[in-house]
Amino acid sequence: MMSMAARPGALSPYLRATKHTVKSLLCPGAKELVPAAAPATARLAHTDIKIPDFTDYRRPEVTDPNKSSQESSEGRRIFSYLMTGATTVVGVYAAKTVVYQFVSSMSASADVLALSKIEIKLGDIPEGKNMTFKWRGKPLFVRHRTDKEVAAEEAVDIGELRDPQHDKDRVVNPRWVIVLGVCTHLGCVPIANAGDYGGYYCPCHGSHYDASGRIRKGPAPLNLEVPFYEFPDDDTVVVG
């Protein structure tokens with residue numbers, strides 16, 4: 001019933017016929033009033049409406065309707081290219097700034113970077129001795145080598161080494177060897193001034209390193225790691 005009330009157009013002929021039949025039975029002599037036809041819809045021309053003037057927003061080259069726009073197409077094309085290029089440059093610079101700030105926010109702070117370096121006074125380490133320092137949570141070996149140790153390590157044939165590396169490639173100053181005190185086998189801490197080669201010895205599984213930190217015997221596959229370091233002066237080294 002609700003659908004019929006909602007759509008009377010489909011049943012309007014039947015409704016009119018039913019209405020006419022009921023009216024004829026109740027009032028036999030009554031005449032049915034026929035509504036007058038609705039006048040046709042007429043659309044008026046709104047001549048009083050003012051058309052907006054967009055001349056101020058148009059380029060001067062195309063305001064004349066009698067002039068072909070092709071004559072100024074080259075200049076307009078150059079202007080479009082310049083605007084596109086400038087917008088691209090600004091967009092790339094803005095994207096670079098956003099990425100740089102995002103990456104910088106994830107980098108280490110100044111206090112963390114300060115802890116990433118250690119300054120060591122070399123005058124406190126006697127010749128022929130090794131001292132251990134803590135750097136970035138790892139043991140750091142600083143060895144003051146004698147002339148005999150320097151000559152012996154430089155004379156080693158690198159062809160006999162498991163991890164071939166010349167002594168000159170592992171030191172900045174031949175008198176000083178600076179390596180991480182972490183065995184390359186399973187991460188144990190070797191013992192300084194020990195082993196068959198007088199350098200470092202890991203008692204966990206028997207890895208022997210020489211005075212340059214190179215693996216000479218045992219299961220360790222690689223030499224002891226050499227961190228980045230520099231000498232600000234003859235008596236100081238900065239690691240990190």
# chains A, B, ... in the order shown; residues from 1 in each chain; ligands from 1
call {"tool": "residues_around", "arguments": {"residues": "Asp167 (chain A)", "least_positions_apart": "3", "cutoff": "12 Å", "atoms": "only C-alpha atoms", "output": "ChimeraX atom specification"}}
result
/A:149-158,161,163-164,170-178,210-214,223,226
call {"tool": "select_by_dssp", "arguments": {"residues": "region 40-225 of chain A", "states": "strand (DSSP E or B)", "output": "PyMOL selection string"}}
result
chain A and resi 118-121+130-135+138-144+176-180+191-192+200-202+207-209+215-217
call {"tool": "residues_around", "arguments": {"residues": "Pro227 (chain A)", "least_positions_apart": "4", "cutoff": "8 Å", "atoms": "only C-alpha atoms", "output": "PyMOL selection string"}}
result
chain A and resi 178-180+239-240
call {"tool": "write_last_selection", "arguments": {"atoms": "C-alpha atoms", "output": "tab-separated table (two decimals), in the first residue's frame"}}
result
chain	number	residue	atom	x	y	z
A	178	ILE	CA	94.66	-0.33	18.67
A	179	VAL	CA	92.10	-3.13	18.25
A	180	LEU	CA	88.80	-4.24	19.74
A	239	VAL	CA	89.16	6.55	19.09
A	240	GLY	CA	85.82	6.91	17.33
call {"tool": "residues_around", "arguments": {"residues": "Leu140 (chain A)", "least_positions_apart": "6", "cutoff": "6 Å", "atoms": "only C-alpha atoms", "output": "PyMOL selection string"}}
result
chain A and resi 132-134+180-181
call {"tool": "atom_distance", "arguments": {"atom1": "CA of Val62 (chain A)", "atom2": "CA of Leu82 (chain A)"}}
result
19.3 Å
call {"tool": "residues_around", "arguments": {"residues": "Val189 (chain A)", "least_positions_apart": "3", "cutoff": "8 Å", "atoms": "only C-alpha atoms", "output": "PyMOL selection string"}}
result
chain A and resi 139+181-183+202
call {"tool": "closest_residue", "arguments": {"among": "A:Val142, A:Ala95, A:Cys188, A:Ile51", "to": "Ile118 (chain A)", "atoms": "only C-alpha atoms"}}
result
A:Val142
call {"tool": "select_by_dssp", "arguments": {"residues": "region 148-201 of chain A", "states": "helix (DSSP H, G or I)", "output": "PyMOL selection string"}}
result
chain A and resi 148-154+158-160+167-169
call {"tool": "residues_around", "arguments": {"residues": "Ser207 (chain A)", "least_positions_apart": "4", "cutoff": "7 Å", "atoms": "only C-alpha atoms", "output": "list in words"}}
result
Tyr201, Cys202, Lys217, Gly218, Pro219 and Ala220 of chain A
call {"tool": "atom_distance", "arguments": {"atom1": "CA of Thr84 (chain A)", "atom2": "CA of Ser72 (chain A)"}}
result
18.5 Å
call {"tool": "atom_distance", "arguments": {"atom1": "CA of Tyr229 (chain A)", "atom2": "CA of Ser116 (chain A)"}}
result
11.7 Å
call {"tool": "closest_residue", "arguments": {"among": "A:Lys117, A:His185, A:Lys67, A:Arg162", "to": "Val238 (chain A)", "atoms": "only C-alpha atoms"}}
result
A:Lys117
call {"tool": "decode", "arguments": {"residues": "region 214-232 of chain A", "atoms": "N, CA and C atoms", "output": "PDB file, in the first residue's frame"}}
result
ATOM      1  N   ARG A 214      96.414 -10.068  14.366  1.00  0.00           N
ATOM      2  CA  ARG A 214      96.049 -10.956  13.254  1.00  0.00           C
ATOM      3  C   ARG A 214      95.939 -12.392  13.755  1.00  0.00           C
ATOM      4  N   ILE A 215      94.938 -13.107  13.279  1.00  0.00           N
ATOM      5  CA  ILE A 215      94.728 -14.478  13.692  1.00  0.00           C
ATOM      6  C   ILE A 215      95.832 -15.357  13.090  1.00  0.00           C
ATOM      7  N   ARG A 216      96.472 -16.168  13.955  1.00  0.00           N
ATOM      8  CA  ARG A 216      97.564 -17.026  13.493  1.00  0.00           C
ATOM      9  C   ARG A 216      97.282 -18.499  13.754  1.00  0.00           C
ATOM     10  N   LYS A 217      96.398 -18.780  14.727  1.00  0.00           N
ATOM     11  CA  LYS A 217      96.154 -20.176  15.082  1.00  0.00           C
ATOM     12  C   LYS A 217      94.835 -20.260  15.834  1.00  0.00           C
ATOM     13  N   GLY A 218      94.077 -21.333  15.602  1.00  0.00           N
ATOM     14  CA  GLY A 218      92.807 -21.507  16.299  1.00  0.00           C
ATOM     15  C   GLY A 218      91.606 -21.326  15.375  1.00  0.00           C
ATOM     16  N   PRO A 219      90.399 -21.409  15.929  1.00  0.00           N
ATOM     17  CA  PRO A 219      89.188 -21.404  15.099  1.00  0.00           C
ATOM     18  C   PRO A 219      88.718 -20.019  14.633  1.00  0.00           C
ATOM     19  N   ALA A 220      89.265 -18.957  15.169  1.00  0.00           N
ATOM     20  CA  ALA A 220      88.797 -17.615  14.774  1.00  0.00           C
ATOM     21  C   ALA A 220      89.045 -17.394  13.286  1.00  0.00           C
ATOM     22  N   PRO A 221      88.051 -16.895  12.550  1.00  0.00           N
ATOM     23  CA  PRO A 221      88.220 -16.749  11.108  1.00  0.00           C
ATOM     24  C   PRO A 221      88.868 -15.445  10.669  1.00  0.00           C
ATOM     25  N   LEU A 222      88.773 -14.398  11.497  1.00  0.00           N
ATOM     26  CA  LEU A 222      89.223 -13.074  11.072  1.00  0.00           C
ATOM     27  C   LEU A 222      90.154 -12.459  12.098  1.00  0.00           C
ATOM     28  N   ASN A 223      90.842 -11.410  11.655  1.00  0.00           N
ATOM     29  CA  ASN A 223      91.699 -10.648  12.561  1.00  0.00           C
ATOM     30  C   ASN A 223      90.839  -9.820  13.517  1.00  0.00           C
ATOM     31  N   LEU A 224      91.456  -9.355  14.596  1.00  0.00           N
ATOM     32  CA  LEU A 224      90.762  -8.461  15.513  1.00  0.00           C
ATOM     33  C   LEU A 224      90.443  -7.148  14.789  1.00  0.00           C
ATOM     34  N   GLU A 225      89.264  -6.632  15.070  1.00  0.00           N
ATOM     35  CA  GLU A 225      88.794  -5.436  14.363  1.00  0.00           C
ATOM     36  C   GLU A 225      89.588  -4.203  14.788  1.00  0.00           C
ATOM     37  N   VAL A 226      89.923  -3.376  13.801  1.00  0.00           N
ATOM     38  CA  VAL A 226      90.632  -2.126  14.053  1.00  0.00           C
ATOM     39  C   VAL A 226      89.628  -0.983  13.928  1.00  0.00           C
ATOM     40  N   PRO A 227      89.337  -0.249  15.010  1.00  0.00           N
ATOM     41  CA  PRO A 227      88.398   0.869  14.921  1.00  0.00           C
ATOM     42  C   PRO A 227      89.073   2.095  14.292  1.00  0.00           C
ATOM     43  N   PHE A 228      88.264   3.076  13.992  1.00  0.00           N
ATOM     44  CA  PHE A 228      88.817   4.324  13.469  1.00  0.00           C
ATOM     45  C   PHE A 228      89.422   5.122  14.630  1.00  0.00           C
ATOM     46  N   TYR A 229      90.605   5.632  14.416  1.00  0.00           N
ATOM     47  CA  TYR A 229      91.248   6.459  15.432  1.00  0.00           C
ATOM     48  C   TYR A 229      92.208   7.425  14.755  1.00  0.00           C
ATOM     49  N   GLU A 230      92.578   8.447  15.481  1.00  0.00           N
ATOM     50  CA  GLU A 230      93.506   9.450  14.969  1.00  0.00           C
ATOM     51  C   GLU A 230      94.328  10.002  16.124  1.00  0.00           C
ATOM     52  N   PHE A 231      95.492  10.565  15.767  1.00  0.00           N
ATOM     53  CA  PHE A 231      96.410  11.121  16.755  1.00  0.00           C
ATOM     54  C   PHE A 231      96.395  12.646  16.660  1.00  0.00           C
ATOM     55  N   PRO A 232      95.728  13.328  17.588  1.00  0.00           N
ATOM     56  CA  PRO A 232      95.781  14.801  17.572  1.00  0.00           C
ATOM     57  C   PRO A 232      97.194  15.324  17.844  1.00  0.00           C
TER      58      PRO A 232
END
